[in-house]
>>> print(open('start31.tsv').read())   # TSV, C-alpha atoms and all ligand atoms
chain	number	residue	atom	x	y	z
A	24	MET	CA	-39.32	-8.34	-83.61
A	25	ASP	CA	-41.79	-11.00	-84.74
A	26	LYS	CA	-39.10	-13.62	-84.62
A	27	GLU	CA	-38.23	-12.60	-81.05
A	28	ARG	CA	-41.87	-12.87	-79.98
A	29	GLN	CA	-42.16	-16.22	-81.69
A	30	GLU	CA	-39.11	-17.47	-79.78
A	31	ILE	CA	-40.59	-16.23	-76.48
A	32	ILE	CA	-43.89	-17.99	-77.22
A	33	ILE	CA	-42.04	-21.20	-78.14
A	34	ALA	CA	-39.98	-20.95	-74.92
A	35	ILE	CA	-43.15	-20.44	-72.84
A	36	VAL	CA	-44.93	-23.37	-74.53
A	37	ALA	CA	-41.87	-25.62	-74.16
A	38	GLY	CA	-41.48	-24.62	-70.49
A	39	THR	CA	-45.16	-25.25	-69.81
A	40	ILE	CA	-45.00	-28.65	-71.50
A	41	THR	CA	-41.88	-29.58	-69.50
A	42	LEU	CA	-43.49	-28.45	-66.24
A	43	LEU	CA	-46.68	-30.33	-67.06
A	44	THR	CA	-44.69	-33.45	-67.92
A	45	ILE	CA	-42.72	-33.25	-64.67
A	46	GLY	CA	-45.96	-32.64	-62.74
A	47	ALA	CA	-47.69	-35.58	-64.43
A	48	PHE	CA	-44.69	-37.78	-63.77
A	49	MET	CA	-44.65	-36.79	-60.09
A	50	ILE	CA	-48.37	-37.46	-59.73
A	51	PHE	CA	-47.94	-40.81	-61.43
A	52	ALA	CA	-44.95	-41.74	-59.21
A	53	LEU	CA	-46.88	-40.74	-56.08
A	54	PHE	CA	-49.90	-42.73	-57.22
A	55	ALA	CA	-47.71	-45.80	-57.94
A	56	TYR	CA	-46.03	-45.43	-54.54
A	57	TYR	CA	-49.37	-45.36	-52.66
A	58	ARG	CA	-50.68	-48.28	-54.67
A	59	ARG	CA	-47.59	-50.34	-53.85
A	60	ARG	CA	-47.78	-49.33	-50.18
A	61	ASN	CA	-51.46	-50.33	-49.95
A	62	LYS	CA	-50.75	-53.65	-51.63
A	63	TYR	CA	-47.89	-54.26	-49.18
A	64	LEU	CA	-50.12	-53.39	-46.19
A	65	ILE	CA	-52.89	-55.69	-47.41
A	66	GLU	CA	-50.41	-58.53	-47.98
A	67	THR	CA	-48.88	-58.06	-44.53
A	68	GLN	CA	-52.35	-58.13	-42.94
A	69	GLN	CA	-53.25	-61.26	-44.89
A	70	LEU	CA	-50.02	-62.98	-43.80
A	71	GLN	CA	-50.64	-62.00	-40.20
A	72	SER	CA	-54.18	-63.33	-40.19
A	73	GLN	CA	-53.02	-66.52	-41.94
A	74	PHE	CA	-50.38	-66.93	-39.23
A	75	GLN	CA	-52.95	-66.40	-36.47
A	76	GLN	CA	-55.28	-68.94	-38.06
A	77	THR	CA	-52.51	-71.53	-38.30
A	78	LEU	CA	-51.53	-70.86	-34.71
A	79	LEU	CA	-55.11	-71.35	-33.54
A	80	GLN	CA	-55.46	-74.53	-35.56
A	81	THR	CA	-52.15	-75.78	-34.11
A	82	GLN	CA	-53.36	-75.12	-30.56
A	83	LEU	CA	-56.62	-76.97	-31.24
A	84	GLU	CA	-54.73	-79.96	-32.63
A	85	ILE	CA	-52.40	-80.05	-29.62
A	86	GLN	CA	-55.43	-80.01	-27.30
A	87	GLU	CA	-57.11	-82.76	-29.31
A	88	GLN	CA	-53.94	-84.88	-29.16
A	89	THR	CA	-53.61	-84.20	-25.43
A	90	LEU	CA	-57.17	-85.40	-24.78
A	91	HIS	CA	-56.46	-88.51	-26.83
A	92	ASN	CA	-53.25	-89.16	-24.85
A	93	ILE	CA	-55.08	-88.65	-21.56
A	94	SER	CA	-57.90	-91.03	-22.40
A	95	GLN	CA	-55.38	-93.65	-23.52
A	96	GLU	CA	-53.24	-93.13	-20.42
A	97	ILE	CA	-56.28	-93.48	-18.13
A	98	HIS	CA	-57.41	-96.61	-19.94
A	99	ASP	CA	-54.04	-98.32	-20.42
A	100	ASN	CA	-52.13	-97.33	-17.30
A	101	ILE	CA	-54.07	-95.77	-14.46
A	102	GLY	CA	-57.13	-97.95	-15.07
A	103	GLN	CA	-55.01	-101.11	-15.21
A	104	VAL	CA	-53.08	-100.22	-12.06
A	105	LEU	CA	-56.26	-99.54	-10.10
A	106	SER	CA	-57.91	-102.75	-11.35
A	107	LEU	CA	-54.86	-104.70	-10.22
A	108	THR	CA	-55.01	-103.00	-6.82
A	109	LYS	CA	-58.67	-103.90	-6.50
A	110	LEU	CA	-57.89	-107.52	-7.39
A	111	ASN	CA	-55.13	-107.60	-4.77
A	112	LEU	CA	-57.37	-106.17	-2.06
A	113	ASN	CA	-60.26	-108.48	-2.98
A	114	THR	CA	-58.12	-111.57	-2.62
A	115	ILE	CA	-56.57	-110.72	0.74
A	116	ASP	CA	-57.11	-113.58	3.14
A	117	LEU	CA	-56.52	-112.43	6.71
A	118	ARG	CA	-56.01	-116.00	7.84
A	119	GLN	CA	-52.74	-116.01	5.89
A	120	PRO	CA	-50.96	-113.00	7.40
A	121	THR	CA	-47.73	-113.22	5.35
A	122	THR	CA	-49.45	-113.30	1.96
A	123	ALA	CA	-51.95	-110.71	3.14
A	124	GLN	CA	-49.10	-108.39	4.13
A	125	GLN	CA	-47.42	-108.90	0.74
A	126	LYS	CA	-50.64	-108.06	-1.08
A	127	LEU	CA	-51.13	-104.97	1.05
A	128	ASP	CA	-47.59	-103.78	0.25
A	129	ASP	CA	-48.13	-104.41	-3.47
A	130	SER	CA	-51.42	-102.50	-3.35
A	131	ARG	CA	-49.76	-99.56	-1.61
A	132	LYS	CA	-47.08	-99.42	-4.36
A	133	LEU	CA	-49.71	-99.67	-7.08
A	134	VAL	CA	-51.76	-96.84	-5.59
A	135	SER	CA	-48.61	-94.68	-5.33
A	136	LYS	CA	-47.91	-95.33	-9.00
A	137	ALA	CA	-51.48	-94.39	-9.94
A	138	ILE	CA	-51.15	-91.16	-7.95
A	139	GLN	CA	-47.85	-90.32	-9.68
A	140	ASP	CA	-49.34	-91.06	-13.12
A	141	LEU	CA	-52.32	-88.85	-12.31
A	142	ARG	CA	-49.99	-86.03	-11.22
A	143	ASP	CA	-48.08	-86.29	-14.50
A	144	LEU	CA	-51.32	-86.30	-16.45
A	145	SER	CA	-52.68	-83.24	-14.73
A	146	LYS	CA	-49.66	-81.31	-15.98
A	147	SER	CA	-50.64	-81.94	-19.58
A	148	LEU	CA	-54.27	-81.05	-18.85
A	149	ASN	CA	-53.17	-77.46	-18.51
A	150	SER	CA	-54.04	-76.09	-21.95
A	151	ASP	CA	-50.88	-73.97	-22.04
A	152	TYR	CA	-48.51	-76.74	-21.05
A	153	VAL	CA	-46.28	-76.38	-24.12
A	154	THR	CA	-45.95	-72.67	-23.47
A	155	GLU	CA	-45.31	-73.25	-19.78
A	156	LEU	CA	-42.99	-76.24	-19.94
A	157	GLY	CA	-41.19	-75.11	-23.07
A	158	LEU	CA	-40.60	-77.08	-26.24
A	159	LEU	CA	-37.90	-79.39	-24.91
A	160	ARG	CA	-39.76	-80.47	-21.78
A	161	ALA	CA	-42.99	-80.92	-23.76
A	162	ILE	CA	-41.13	-83.20	-26.20
A	163	GLU	CA	-39.63	-85.14	-23.26
A	164	TYR	CA	-43.11	-85.61	-21.85
A	165	GLU	CA	-44.47	-86.76	-25.21
A	166	LEU	CA	-41.65	-89.32	-25.41
A	167	GLU	CA	-42.39	-90.54	-21.86
A	168	LEU	CA	-45.98	-91.22	-22.95
A	169	VAL	CA	-44.78	-93.17	-25.99
A	170	ALA	CA	-42.34	-95.15	-23.83
A	171	LYS	CA	-45.16	-96.01	-21.42
A	172	THR	CA	-47.06	-97.82	-24.17
A	173	GLY	CA	-44.23	-100.37	-24.01
A	174	THR	CA	-44.40	-101.01	-27.76
A	175	LEU	CA	-41.02	-99.51	-28.61
A	176	GLN	CA	-37.85	-98.02	-27.15
A	177	THR	CA	-37.35	-94.28	-27.07
A	178	GLN	CA	-34.22	-92.15	-26.83
A	179	LEU	CA	-33.68	-88.42	-26.44
A	180	ASP	CA	-30.30	-86.79	-27.18
A	181	VAL	CA	-29.82	-83.14	-26.34
A	182	THR	CA	-26.67	-81.23	-27.29
A	183	GLY	CA	-25.82	-77.58	-26.60
A	184	THR	CA	-27.49	-75.28	-24.11
A	185	PRO	CA	-31.28	-75.28	-24.48
A	186	VAL	CA	-32.77	-71.86	-25.20
A	187	ARG	CA	-36.42	-70.90	-25.21
A	188	LEU	CA	-37.67	-69.83	-28.62
A	189	ASP	CA	-40.51	-67.50	-29.42
A	190	THR	CA	-43.70	-69.03	-27.88
A	191	GLN	CA	-45.60	-69.14	-31.15
A	192	LYS	CA	-42.69	-70.84	-32.90
A	193	GLU	CA	-42.40	-73.37	-30.06
A	194	LEU	CA	-46.10	-74.24	-30.40
A	195	ILE	CA	-45.83	-74.80	-34.13
A	196	LEU	CA	-42.58	-76.77	-33.79
A	197	PHE	CA	-44.13	-78.93	-31.07
A	198	ARG	CA	-47.10	-79.73	-33.30
A	199	ILE	CA	-44.73	-80.74	-36.13
A	200	VAL	CA	-42.84	-83.05	-33.74
A	201	GLN	CA	-46.15	-84.47	-32.47
A	202	GLU	CA	-47.25	-85.25	-36.04
A	203	ALA	CA	-43.92	-86.95	-36.78
A	204	ILE	CA	-44.35	-89.09	-33.64
A	205	ASN	CA	-47.96	-89.86	-34.56
A	206	ASN	CA	-46.95	-90.92	-38.05
A	207	MET	CA	-44.29	-93.17	-36.58
A	208	LEU	CA	-46.84	-94.80	-34.23
A	209	LYS	CA	-49.47	-95.08	-36.97
A	210	HIS	CA	-47.43	-96.24	-39.95
A	211	ALA	CA	-43.85	-97.24	-39.11
A	212	GLU	CA	-44.04	-100.47	-37.05
A	213	ALA	CA	-40.76	-99.28	-35.53
A	214	THR	CA	-38.95	-100.67	-32.49
A	215	LEU	CA	-36.85	-97.57	-31.80
A	216	LEU	CA	-37.65	-93.87	-31.84
A	217	THR	CA	-34.77	-91.42	-31.44
A	218	ILE	CA	-35.22	-87.69	-31.04
A	219	SER	CA	-32.11	-85.51	-31.22
A	220	VAL	CA	-32.25	-81.85	-30.31
A	221	SER	CA	-29.24	-79.60	-30.73
A	222	TYR	CA	-28.78	-75.94	-29.93
A	223	ASN	CA	-25.89	-73.83	-31.14
A	224	ASN	CA	-25.07	-70.13	-31.46
A	225	THR	CA	-26.89	-69.64	-34.72
A	226	GLY	CA	-29.82	-71.98	-34.57
A	227	PHE	CA	-31.74	-74.97	-33.47
A	228	HIS	CA	-32.02	-78.41	-35.04
A	229	ILE	CA	-34.24	-81.36	-34.24
A	230	SER	CA	-34.56	-84.76	-35.81
A	231	ILE	CA	-37.14	-87.46	-35.20
A	232	ALA	CA	-35.92	-90.80	-36.50
A	233	ASP	CA	-37.50	-94.26	-36.47
A	234	ASN	CA	-36.19	-97.63	-37.61
A	235	GLY	CA	-39.53	-98.67	-39.06
A	236	LYS	CA	-40.68	-99.74	-42.49
A	237	GLY	CA	-40.24	-96.32	-44.15
A	238	PHE	CA	-42.09	-95.16	-47.25
A	239	ASP	CA	-41.59	-93.68	-50.67
A	240	ASN	CA	-41.45	-90.02	-49.77
A	241	ALA	CA	-41.68	-88.79	-53.38
A	242	THR	CA	-45.01	-90.56	-53.97
A	243	ALA	CA	-46.39	-89.69	-50.54
A	244	THR	CA	-45.93	-85.96	-51.09
A	245	THR	CA	-47.07	-85.82	-54.72
A	246	ASP	CA	-49.84	-88.41	-54.80
A	247	ASN	CA	-52.86	-86.68	-53.29
A	248	LYS	CA	-54.60	-89.95	-52.50
A	249	LYS	CA	-51.66	-91.14	-50.39
A	250	THR	CA	-50.99	-87.83	-48.69
A	251	GLY	CA	-52.83	-87.05	-45.54
A	252	LEU	CA	-52.78	-83.58	-44.05
A	253	GLY	CA	-49.86	-84.40	-41.77
A	254	LEU	CA	-46.88	-84.11	-44.11
A	255	ARG	CA	-48.37	-81.15	-46.00
A	256	ASN	CA	-49.02	-79.27	-42.73
A	257	MET	CA	-45.46	-79.97	-41.61
A	258	HIS	CA	-44.08	-78.25	-44.72
A	259	ASN	CA	-46.54	-75.35	-44.74
A	260	ARG	CA	-46.19	-74.61	-41.05
A	261	SER	CA	-42.42	-74.77	-40.96
A	262	ARG	CA	-42.30	-72.33	-43.88
A	263	LEU	CA	-44.57	-69.98	-41.92
A	264	ILE	CA	-42.06	-69.72	-39.05
A	265	GLY	CA	-39.01	-69.63	-41.31
A	266	ALA	CA	-37.93	-73.17	-40.46
A	267	ALA	CA	-36.80	-75.82	-42.91
A	268	VAL	CA	-38.14	-79.35	-42.72
A	269	SER	CA	-36.85	-82.36	-44.59
A	270	ILE	CA	-38.24	-85.88	-44.60
A	271	THR	CA	-35.87	-88.69	-45.48
A	272	SER	CA	-37.37	-92.11	-45.95
A	273	ALA	CA	-37.27	-95.15	-48.17
A	274	PRO	CA	-39.14	-98.45	-47.98
A	275	GLY	CA	-37.42	-100.65	-45.41
A	276	ALA	CA	-35.00	-97.94	-44.29
A	277	GLY	CA	-36.85	-96.04	-41.55
A	278	THR	CA	-37.86	-92.40	-41.56
A	279	THR	CA	-36.14	-89.23	-40.37
A	280	VAL	CA	-37.88	-85.89	-40.07
A	281	ALA	CA	-35.37	-83.06	-39.61
A	282	ILE	CA	-36.26	-79.47	-38.72
A	283	SER	CA	-33.86	-76.54	-38.62
A	284	LEU	CA	-34.47	-73.00	-37.50
A	285	SER	CA	-32.06	-70.07	-37.37
A	286	TYR	CA	-32.43	-67.73	-34.39
A	301	LIG	N1	-42.74	-92.59	-39.99
A	301	LIG	C1	-43.38	-93.16	-41.04
A	301	LIG	N2	-43.18	-94.47	-41.35
A	301	LIG	C2	-43.81	-95.04	-42.41
A	301	LIG	N3	-44.65	-94.38	-43.23
A	301	LIG	C3	-44.89	-93.08	-42.98
A	301	LIG	C4	-44.27	-92.39	-41.89
A	301	LIG	N4	-44.67	-91.10	-41.91
A	301	LIG	C5	-45.51	-90.99	-42.95
A	301	LIG	N5	-45.65	-92.17	-43.61
A	301	LIG	C6	-46.44	-92.41	-44.85
A	301	LIG	O1	-46.73	-91.17	-45.46
A	301	LIG	C7	-48.13	-91.02	-45.64
A	301	LIG	C8	-48.53	-89.59	-45.48
A	301	LIG	O2	-48.42	-89.15	-44.11
A	301	LIG	P1	-49.39	-88.02	-43.56
A	301	LIG	O3	-49.00	-87.71	-42.17
A	301	LIG	O4	-49.37	-86.91	-44.54
A	301	LIG	O5	-50.82	-88.69	-43.64
A	301	LIG	P2	-51.56	-89.69	-42.65
A	301	LIG	O6	-50.75	-89.88	-41.41
A	301	LIG	O7	-51.89	-90.92	-43.45
A	301	LIG	O8	-52.91	-88.93	-42.33
A	301	LIG	P3	-53.10	-87.66	-41.33
A	301	LIG	O9	-51.74	-87.19	-40.92
A	301	LIG	O10	-53.81	-86.64	-42.16
A	301	LIG	O11	-53.90	-88.18	-40.21
A	301	LIG	C9	-48.75	-91.97	-44.64
A	301	LIG	O12	-50.02	-92.41	-45.04
A	301	LIG	C10	-47.75	-93.11	-44.57
A	301	LIG	O13	-47.98	-94.01	-45.63
A	302	MG	MG	-50.06	-88.21	-40.31
>>> encode(input="start31.tsv", output="structure tokens", more="lines below")
Ligand SMILES: Nc1ncnc2c1ncn2[C@@H]1O[C@H](COP(=O)(O)OP(=O)(O)OP(=O)(O)O)[C@@H](O)[C@H]1O
Ligand SMILES: [Mg+2]
Amino acid sequence: MDKERQEIIIAIVAGTITLLTIGAFMIFALFAYYRRRNKYLIETQQLQSQFQQTLLQTQLEIQEQTLHNISQEIHDNIGQVLSLTKLNLNTIDLRQPTTAQQKLDDSRKLVSKAIQDLRDLSKSLNSDYVTELGLLRAIEYELELVAKTGTLQTQLDVTGTPVRLDTQKELILFRIVQEAINNMLKHAEATLLTISVSYNNTGFHISIADNGKGFDNATATTDNKKTGLGLRNMHNRSRLIGAAVSITSAPGAGTTVAISLSY
């Protein structure tokens, strides 16, 4: 009888311990699950706010670059054209009708050119012009501005059917292209700039290549003194939108910046 009671007590204690263990395990698992979920939510929020910050910074940089382009365009092109027109008009001598007529015709052409240049410029004054025109047209426009400086030749090759990408991705990609062009103008001493854009079913690829003096890419990206923000931002920002960027360069062999993005 005693033995039977002892067995019952042991069974009850063992059952209680098992139940308690299962309960404790379930509480622990639930606790771990909520902790992981909270961590995931916090990380997602942090990534989102980091993305928004980068996007804002990108937009500010595009605006800054646009203002710089505009002031240069007004100074180098529109200002020059109008000064030339003024010179023409000032030197018109009505006693020499043929030359006067020629100068008037030249002035009319110059004023038309200034008007056209102003129209083009006003497009880029719109703060959303990349969003409105789309990445490809914005790149074309950027190249037109470079070509206008007359310091080097430019070429744009497009293959495949252009598709519009997500607006935020287009903004970031445009800023990367702008930085590559800026670097080329600032450092390369190139005579030719070629931009190739290709679209296919799975993704989008763009390369910005110059035939300038090139640089030692390994040192430029590891040596903090030699690295500006430009190359580092290119890498960080492309990673943020899931794009891959590669920079191929060597002293004397030009530079190619290649960006790929899967749809
Ligand atoms: N297309 C290029 N041709 C020759 N050298 C280049 C080219 N692009 C970059 N470099 C070299 O790589 C370095 C780093 O470029 P990065 O854009 O990071 O900095 P930066 O242009 O000097 O400064 P920032 O971009 O911050 O204004 C440059 O200082 C330059 O020596
Ligand atoms: Mg730079």
>>> residues_near_ligand(input="start31.tsv", ligand="ligand MG 302 (chain A)", cutoff="6 Å", atoms="only C-alpha atoms and all ligand atoms", output="short mmCIF file (atom, residue, chain, number, x, y, z; two decimals) with C-alpha atoms, keeping the file's coordinate frame")
data_model
loop_
_atom_site.label_atom_id
_atom_site.label_comp_id
_atom_site.auth_asym_id
_atom_site.auth_seq_id
_atom_site.Cartn_x
_atom_site.Cartn_y
_atom_site.Cartn_z
CA GLU A 202 -47.25 -85.25 -36.04
CA ASN A 206 -46.95 -90.92 -38.05
CA GLY A 253 -49.86 -84.40 -41.77
#
>>> atom_distance(input="start31.tsv", atom1="CA of Lys171 in chain A", atom2="CA of Ile97 in chain A")
11.9 Å
>>> closest_residue(input="start31.tsv", among="A:Lys132, A:His98, A:Lys126, A:Lys236", to="Thr172 in chain A", atoms="all atoms listed in the file")
A:His98
>>> closest_residue(input="start31.tsv", among="A:Ile264, A:Ile229, A:Leu208, A:Ile115", to="ligand LIG 301 (chain A)", atoms="all atoms listed in the file")
A:Leu208
>>> residues_near_ligand(input="start31.tsv", ligand="ligand LIG 301 (chain A)", cutoff="10 Å", atoms="only C-alpha atoms and all ligand atoms", output="PyMOL selection string")
chain A and resi 202-213+216+231-244+246-257+270-280
>>> atom_distance(input="start31.tsv", atom1="CA of Val104 in chain A", atom2="CA of Ala170 in chain A")
16.7 Å
>>> atom_distance(input="start31.tsv", atom1="CA of Thr217 in chain A", atom2="CA of Gly183 in chain A")
17.2 Å
>>> residues_near_point(input="start31.tsv", point="(-47.2, -87.6, -13.7)", cutoff="12 Å", atoms="all atoms listed in the file", output="PyMOL selection string")
chain A and resi 93+96-97+100-101+135-148+164-165+167-168+171
>>> axis_aligned_box(input="start31.tsv", around="range 106-122 of chain A", padding_each_side="4 Å", output="lines of an AutoDock Vina configuration file")
center_x = -54.0
center_y = -109.4
center_z = -1.8
size_x = 20.5
size_y = 21.3
size_z = 27.2
>>> closest_residue(input="start31.tsv", among="A:Tyr286, A:Phe74, A:Asp180, A:Arg160", to="Arg262 in chain A", atoms="all atoms listed in the file")
A:Phe74
>>> closest_residue(input="start31.tsv", among="A:Ile282, A:Ile33, A:Gln201, A:Ala47", to="Glu87 in chain A", atoms="only C-alpha atoms")
A:Gln201
>>> closest_residue(input="start31.tsv", among="A:Leu196, A:Leu175, A:Ile40, A:Leu112", to="Thr214 in chain A", atoms="all atoms listed in the file")
A:Leu175
>>> residues_near_point(input="start31.tsv", point="(-25.2, -71.0, -31.9)", cutoff="12 Å", atoms="only C-alpha atoms", output="list in words")
Thr182, Gly183, Thr184, Pro185, Val186, Ser221, Tyr222, Asn223, Asn224, Thr225, Gly226, Phe227, His228, Leu284, Ser285 and Tyr286 of chain A
>>> closest_residue(input="start31.tsv", among="A:Leu215, A:Leu263, A:Ile195, A:Val134", to="Leu83 in chain A", atoms="only C-alpha atoms")
A:Ile195
>>> build_atoms(input="start31.tsv", residues="range 103-134 of chain A", atoms="N, CA and C atoms", output="PDB file, in the frame of the given file")
ATOM      1  N   GLN A 103     -55.582 -99.769 -15.438  1.00  0.00           N
ATOM      2  CA  GLN A 103     -55.010-101.110 -15.210  1.00  0.00           C
ATOM      3  C   GLN A 103     -54.454-101.229 -13.795  1.00  0.00           C
ATOM      4  N   VAL A 104     -53.714-100.194 -13.387  1.00  0.00           N
ATOM      5  CA  VAL A 104     -53.080-100.220 -12.060  1.00  0.00           C
ATOM      6  C   VAL A 104     -54.138-100.310 -10.966  1.00  0.00           C
ATOM      7  N   LEU A 105     -55.220 -99.525 -11.136  1.00  0.00           N
ATOM      8  CA  LEU A 105     -56.260 -99.540 -10.100  1.00  0.00           C
ATOM      9  C   LEU A 105     -57.021-100.868 -10.108  1.00  0.00           C
ATOM     10  N   SER A 106     -57.229-101.449 -11.287  1.00  0.00           N
ATOM     11  CA  SER A 106     -57.910-102.750 -11.350  1.00  0.00           C
ATOM     12  C   SER A 106     -57.085-103.815 -10.646  1.00  0.00           C
ATOM     13  N   LEU A 107     -55.767-103.740 -10.855  1.00  0.00           N
ATOM     14  CA  LEU A 107     -54.860-104.700 -10.220  1.00  0.00           C
ATOM     15  C   LEU A 107     -54.894-104.528  -8.699  1.00  0.00           C
ATOM     16  N   THR A 108     -54.942-103.271  -8.257  1.00  0.00           N
ATOM     17  CA  THR A 108     -55.010-103.000  -6.820  1.00  0.00           C
ATOM     18  C   THR A 108     -56.289-103.605  -6.239  1.00  0.00           C
ATOM     19  N   LYS A 109     -57.378-103.386  -6.982  1.00  0.00           N
ATOM     20  CA  LYS A 109     -58.670-103.900  -6.500  1.00  0.00           C
ATOM     21  C   LYS A 109     -58.615-105.428  -6.385  1.00  0.00           C
ATOM     22  N   LEU A 110     -58.007-106.066  -7.396  1.00  0.00           N
ATOM     23  CA  LEU A 110     -57.890-107.520  -7.390  1.00  0.00           C
ATOM     24  C   LEU A 110     -57.086-107.983  -6.183  1.00  0.00           C
ATOM     25  N   ASN A 111     -55.967-107.283  -5.929  1.00  0.00           N
ATOM     26  CA  ASN A 111     -55.130-107.600  -4.770  1.00  0.00           C
ATOM     27  C   ASN A 111     -55.923-107.517  -3.471  1.00  0.00           C
ATOM     28  N   LEU A 112     -56.639-106.399  -3.315  1.00  0.00           N
ATOM     29  CA  LEU A 112     -57.370-106.170  -2.060  1.00  0.00           C
ATOM     30  C   LEU A 112     -58.500-107.192  -1.895  1.00  0.00           C
ATOM     31  N   ASN A 113     -59.157-107.517  -3.032  1.00  0.00           N
ATOM     32  CA  ASN A 113     -60.260-108.480  -2.980  1.00  0.00           C
ATOM     33  C   ASN A 113     -59.815-109.869  -2.559  1.00  0.00           C
ATOM     34  N   THR A 114     -58.564-110.189  -2.881  1.00  0.00           N
ATOM     35  CA  THR A 114     -58.120-111.570  -2.620  1.00  0.00           C
ATOM     36  C   THR A 114     -57.306-111.695  -1.342  1.00  0.00           C
ATOM     37  N   ILE A 115     -57.310-110.630  -0.533  1.00  0.00           N
ATOM     38  CA  ILE A 115     -56.570-110.720   0.740  1.00  0.00           C
ATOM     39  C   ILE A 115     -57.297-111.700   1.686  1.00  0.00           C
ATOM     40  N   ASP A 116     -56.540-112.635   2.177  1.00  0.00           N
ATOM     41  CA  ASP A 116     -57.110-113.580   3.140  1.00  0.00           C
ATOM     42  C   ASP A 116     -56.408-113.362   4.469  1.00  0.00           C
ATOM     43  N   LEU A 117     -57.158-112.822   5.448  1.00  0.00           N
ATOM     44  CA  LEU A 117     -56.520-112.430   6.710  1.00  0.00           C
ATOM     45  C   LEU A 117     -56.038-113.635   7.524  1.00  0.00           C
ATOM     46  N   ARG A 118     -56.488-114.822   7.100  1.00  0.00           N
ATOM     47  CA  ARG A 118     -56.010-116.000   7.840  1.00  0.00           C
ATOM     48  C   ARG A 118     -54.595-116.372   7.424  1.00  0.00           C
ATOM     49  N   GLN A 119     -54.143-115.763   6.314  1.00  0.00           N
ATOM     50  CA  GLN A 119     -52.740-116.010   5.890  1.00  0.00           C
ATOM     51  C   GLN A 119     -51.983-114.688   5.957  1.00  0.00           C
ATOM     52  N   PRO A 120     -51.526-114.338   7.168  1.00  0.00           N
ATOM     53  CA  PRO A 120     -50.960-113.000   7.400  1.00  0.00           C
ATOM     54  C   PRO A 120     -49.795-112.631   6.479  1.00  0.00           C
ATOM     55  N   THR A 121     -48.906-113.587   6.159  1.00  0.00           N
ATOM     56  CA  THR A 121     -47.730-113.220   5.350  1.00  0.00           C
ATOM     57  C   THR A 121     -48.153-112.816   3.937  1.00  0.00           C
ATOM     58  N   THR A 122     -48.997-113.648   3.319  1.00  0.00           N
ATOM     59  CA  THR A 122     -49.450-113.300   1.960  1.00  0.00           C
ATOM     60  C   THR A 122     -50.289-112.033   1.978  1.00  0.00           C
ATOM     61  N   ALA A 123     -51.104-111.903   3.041  1.00  0.00           N
ATOM     62  CA  ALA A 123     -51.950-110.710   3.140  1.00  0.00           C
ATOM     63  C   ALA A 123     -51.088-109.456   3.199  1.00  0.00           C
ATOM     64  N   GLN A 124     -50.005-109.533   4.008  1.00  0.00           N
ATOM     65  CA  GLN A 124     -49.100-108.390   4.130  1.00  0.00           C
ATOM     66  C   GLN A 124     -48.465-108.041   2.782  1.00  0.00           C
ATOM     67  N   GLN A 125     -48.050-109.095   2.054  1.00  0.00           N
ATOM     68  CA  GLN A 125     -47.420-108.900   0.740  1.00  0.00           C
ATOM     69  C   GLN A 125     -48.397-108.191  -0.210  1.00  0.00           C
ATOM     70  N   LYS A 126     -49.655-108.657  -0.174  1.00  0.00           N
ATOM     71  CA  LYS A 126     -50.640-108.060  -1.080  1.00  0.00           C
ATOM     72  C   LYS A 126     -50.934-106.604  -0.713  1.00  0.00           C
ATOM     73  N   LEU A 127     -50.915-106.355   0.603  1.00  0.00           N
ATOM     74  CA  LEU A 127     -51.130-104.970   1.050  1.00  0.00           C
ATOM     75  C   LEU A 127     -49.997-104.061   0.569  1.00  0.00           C
ATOM     76  N   ASP A 128     -48.750-104.569   0.703  1.00  0.00           N
ATOM     77  CA  ASP A 128     -47.590-103.780   0.250  1.00  0.00           C
ATOM     78  C   ASP A 128     -47.664-103.511  -1.245  1.00  0.00           C
ATOM     79  N   ASP A 129     -48.016-104.565  -2.011  1.00  0.00           N
ATOM     80  CA  ASP A 129     -48.130-104.410  -3.470  1.00  0.00           C
ATOM     81  C   ASP A 129     -49.192-103.353  -3.796  1.00  0.00           C
ATOM     82  N   SER A 130     -50.315-103.444  -3.073  1.00  0.00           N
ATOM     83  CA  SER A 130     -51.420-102.500  -3.350  1.00  0.00           C
ATOM     84  C   SER A 130     -50.975-101.074  -3.072  1.00  0.00           C
ATOM     85  N   ARG A 131     -50.218-100.904  -1.953  1.00  0.00           N
ATOM     86  CA  ARG A 131     -49.760 -99.560  -1.610  1.00  0.00           C
ATOM     87  C   ARG A 131     -48.884 -99.006  -2.739  1.00  0.00           C
ATOM     88  N   LYS A 132     -47.964 -99.859  -3.269  1.00  0.00           N
ATOM     89  CA  LYS A 132     -47.080 -99.420  -4.360  1.00  0.00           C
ATOM     90  C   LYS A 132     -47.894 -99.058  -5.606  1.00  0.00           C
ATOM     91  N   LEU A 133     -48.896 -99.910  -5.883  1.00  0.00           N
ATOM     92  CA  LEU A 133     -49.710 -99.670  -7.080  1.00  0.00           C
ATOM     93  C   LEU A 133     -50.469 -98.342  -6.973  1.00  0.00           C
ATOM     94  N   VAL A 134     -51.011 -98.094  -5.775  1.00  0.00           N
ATOM     95  CA  VAL A 134     -51.760 -96.840  -5.590  1.00  0.00           C
ATOM     96  C   VAL A 134     -50.810 -95.647  -5.728  1.00  0.00           C
TER      97      VAL A 134
END
